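Only one structure is covered here, and it is reproduced in the block below.
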Amino acid sequence: MGKIIFVEHNSTEHVAKLDVGSTLMQIAVTNAVPGIDGDCGGECACGTCHIVVDGQWFNRTGEIADVEEQMLSMTPERTDTSRLGCQVKVTEEMDGMIVYLPEFQM
C-alpha cells in the first residue's frame, strides 16, 4: 500500500493511503488530517489547502497554473515548495511523499 505523509506544524505525522487520481487535498480531507480544510471543494478559490512539499518531492507535483500562483501569492507562509493541495493530482510516483502543513491557513 502506498502512502502520503502529512506533517503538522507541531511535527505530528498522519499517514494516509495513496489514492492515485485523487488530489492531495482530497486525501487529507478524507483522512481527517487537521489543518487542511478545502473550503472551496478543490476549485482553487480559497487557499485553505496550502501545503509545503518536502523539497525532494516537489518536482513530482506538476506545474503551477496562474490561478494557483495567484492564490499562493496571498499566503503569508508561502515557501519555495508551497502548493495548494487541491491542485496536486496524486500519481504512483508520489508513494512516500512528505508534505508539511503550515501553522495557519488562509
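Just so we're on the same page: first chain in the C-alpha cells is A, next is B, and so on; residues restart at 1 for each chain, and ligands are numbered from 1 in the order they show up.
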
**Message:** Which residues are close to A:Glu43, i.e. within 10 Å by only C-alpha atoms, leaving aside same-chain residues fewer than 6 positions away? Reply as a PyMOL selection string.
**Reply:** chain A and resi 67-68+86-87

**Request:** From a DSSP calculation on the backbone, collect every residue of chain A in alpha helix (DSSP H) and output the set as a ChimeraX atom specification.
**Result:** /A:24-30,66-73

**Message:** So that I can check the secondary structure, give me every residue of chain A assigned strand (DSSP E or B) by backbone DSSP, as a list of chain:residue names.
**Reply:** A:Lys3, A:Ile4, A:Ile5, A:Phe6, A:Val7, A:Glu13, A:His14, A:Val15, A:Ala16, A:Lys17, A:Thr23, A:His50, A:Ile51, A:Val52, A:Val53, A:Ser82, A:Arg83, A:Leu84, A:Lys89, A:Met97, A:Ile98, A:Val99, A:Tyr100

Per residue of stretch 47-100 of chain A within 10 Å of stretch 35-40 of chain A, record the nearest atom pair and its distance in Å to one decimal, counting only C-alpha atoms, with rows in chain order and ascending residue number, as a Markdown table.
| residue | atom | partner | partner_atom | distance |
| --- | --- | --- | --- | --- |
| A:Gly47 | CA | A:Gly38 | CA | 7.6 |
| A:Thr48 | CA | A:Gly38 | CA | 5.3 |
| A:Cys49 | CA | A:Ile36 | CA | 4.9 |
| A:His50 | CA | A:Ile36 | CA | 7.4 |
| A:Ile51 | CA | A:Ile36 | CA | 8.3 |
| A:Leu84 | CA | A:Gly38 | CA | 9.4 |
| A:Gly85 | CA | A:Gly38 | CA | 8.4 |
| A:Cys86 | CA | A:Gly38 | CA | 7.5 |

Could you write those residues out with N, CA and C atoms, as a compact mmCIF listing (two decimals), in the first residue's frame?
# COMPACT_ATOMS: atom_id res chain seq x y z
N GLY A 47 -7.45 28.76 -0.81
CA GLY A 47 -6.14 28.62 -0.19
C GLY A 47 -6.13 27.87 1.13
N THR A 48 -7.23 27.22 1.51
CA THR A 48 -7.27 26.51 2.80
C THR A 48 -6.73 25.09 2.70
N CYS A 49 -6.04 24.81 1.63
CA CYS A 49 -5.37 23.51 1.48
C CYS A 49 -3.89 23.72 1.19
N HIS A 50 -3.36 24.85 1.64
CA HIS A 50 -1.94 25.17 1.43
C HIS A 50 -1.09 24.10 2.10
N ILE A 51 -0.13 23.59 1.35
CA ILE A 51 0.82 22.61 1.86
C ILE A 51 2.22 23.03 1.43
N LEU A 84 -1.02 24.32 -3.49
CA LEU A 84 -2.36 24.12 -2.98
C LEU A 84 -2.68 22.65 -3.22
N GLY A 85 -3.03 21.94 -2.16
CA GLY A 85 -3.26 20.51 -2.26
C GLY A 85 -4.32 20.13 -3.27
N CYS A 86 -5.27 21.03 -3.51
CA CYS A 86 -6.34 20.73 -4.46
C CYS A 86 -5.84 20.72 -5.90

**Item:** Polymer residues at most 10 Å from A:Pro34, only C-alpha atoms, same-chain spacing of 6 or more positions, as a PyMOL selection string
**Value:** chain A and resi 6-8+12+14+28+101

Print the selection's residues with C-alpha atoms to a file, as an mmCIF file, in the first residue's frame.
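The resulting file, result.cif, is shown below:
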data_model
loop_
_atom_site.group_PDB
_atom_site.id
_atom_site.type_symbol
_atom_site.label_atom_id
_atom_site.label_comp_id
_atom_site.auth_asym_id
_atom_site.auth_seq_id
_atom_site.Cartn_x
_atom_site.Cartn_y
_atom_site.Cartn_z
ATOM 1 C CA PHE A 6 1.260 14.778 6.196
ATOM 2 C CA VAL A 7 3.237 16.524 8.942
ATOM 3 C CA GLU A 8 1.503 19.117 11.101
ATOM 4 C CA THR A 12 2.553 15.226 14.369
ATOM 5 C CA HIS A 14 -0.547 11.496 9.629
ATOM 6 C CA ALA A 28 -6.153 14.906 3.525
ATOM 7 C CA LEU A 101 1.180 21.783 6.904
#

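Of note, atom CA of A:Ala45 and atom CA of A:Met71 are spaced 7.2 Å apart.
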
**Option closest in space to A:Val52, from A:Val15, A:Val99, A:Ile4, A:Met25 [counting only C-alpha atoms]** =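 Among the listed residues, A:Val99 lies closest to A:Val52.
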
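If you count only C-alpha atoms and ignore residues fewer than 2 places along the chain from A:Gly62, what sits within 10 Å of it is Phe58, Asn59, Arg60, Ile64, Ala65, Arg83, Gln87, Val88, Lys89 and Val90 of chain A.
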
Could those residues be written to a file, using N, CA, C and O atoms, as a PDB file, in the first residue's frame?
ATOM      1  N   PHE A  58       9.123  17.865  -4.567  1.00  0.00           N
ATOM      2  CA  PHE A  58       8.437  18.980  -5.227  1.00  0.00           C
ATOM      3  C   PHE A  58       8.344  18.821  -6.746  1.00  0.00           C
ATOM      4  O   PHE A  58       7.313  19.120  -7.337  1.00  0.00           O
ATOM      5  N   ASN A  59       9.397  18.335  -7.375  1.00  0.00           N
ATOM      6  CA  ASN A  59       9.376  18.229  -8.840  1.00  0.00           C
ATOM      7  C   ASN A  59       8.365  17.204  -9.350  1.00  0.00           C
ATOM      8  O   ASN A  59       8.109  17.143 -10.552  1.00  0.00           O
ATOM      9  N   ARG A  60       7.773  16.434  -8.480  1.00  0.00           N
ATOM     10  CA  ARG A  60       6.762  15.441  -8.892  1.00  0.00           C
ATOM     11  C   ARG A  60       5.338  15.986  -8.796  1.00  0.00           C
ATOM     12  O   ARG A  60       4.384  15.268  -9.077  1.00  0.00           O
ATOM     13  N   ILE A  64       2.561  24.682 -11.805  1.00  0.00           N
ATOM     14  CA  ILE A  64       1.679  25.580 -11.048  1.00  0.00           C
ATOM     15  C   ILE A  64       0.981  26.496 -12.052  1.00  0.00           C
ATOM     16  O   ILE A  64       1.632  27.273 -12.757  1.00  0.00           O
ATOM     17  N   ALA A  65      -0.333  26.397 -12.122  1.00  0.00           N
ATOM     18  CA  ALA A  65      -1.118  27.236 -13.031  1.00  0.00           C
ATOM     19  C   ALA A  65      -1.199  28.661 -12.484  1.00  0.00           C
ATOM     20  O   ALA A  65      -0.986  28.902 -11.289  1.00  0.00           O
ATOM     21  N   ARG A  83       2.394  24.571  -2.381  1.00  0.00           N
ATOM     22  CA  ARG A  83       1.378  24.225  -3.378  1.00  0.00           C
ATOM     23  C   ARG A  83       0.027  24.297  -2.691  1.00  0.00           C
ATOM     24  O   ARG A  83      -0.068  24.310  -1.471  1.00  0.00           O
ATOM     25  N   GLN A  87      -4.648  21.222  -6.136  1.00  0.00           N
ATOM     26  CA  GLN A  87      -4.110  21.305  -7.487  1.00  0.00           C
ATOM     27  C   GLN A  87      -3.054  20.243  -7.785  1.00  0.00           C
ATOM     28  O   GLN A  87      -2.500  20.211  -8.881  1.00  0.00           O
ATOM     29  N   VAL A  88      -2.792  19.380  -6.813  1.00  0.00           N
ATOM     30  CA  VAL A  88      -1.773  18.346  -6.995  1.00  0.00           C
ATOM     31  C   VAL A  88      -2.459  16.986  -7.126  1.00  0.00           C
ATOM     32  O   VAL A  88      -2.974  16.436  -6.150  1.00  0.00           O
ATOM     33  N   LYS A  89      -2.484  16.470  -8.355  1.00  0.00           N
ATOM     34  CA  LYS A  89      -3.034  15.134  -8.612  1.00  0.00           C
ATOM     35  C   LYS A  89      -2.009  14.086  -8.205  1.00  0.00           C
ATOM     36  O   LYS A  89      -0.838  14.171  -8.561  1.00  0.00           O
ATOM     37  N   VAL A  90      -2.473  13.099  -7.488  1.00  0.00           N
ATOM     38  CA  VAL A  90      -1.591  12.056  -6.960  1.00  0.00           C
ATOM     39  C   VAL A  90      -1.307  11.002  -8.033  1.00  0.00           C
ATOM     40  O   VAL A  90      -2.208  10.543  -8.731  1.00  0.00           O
TER      41      VAL A  90
END

**Asked** atom CA of A:Val33 and atom CA of A:Pro76 are how many Å apart?
**Response**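 Rounded to one decimal, the two atoms are 21.1 Å apart.
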
**Asked** At what distance in Å, to one decimal, does atom CA of A:Asn10 lie from atom CA of A:Ser22?
**Response**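 Atom CA of A:Asn10 lies 25.9 Å from atom CA of A:Ser22.
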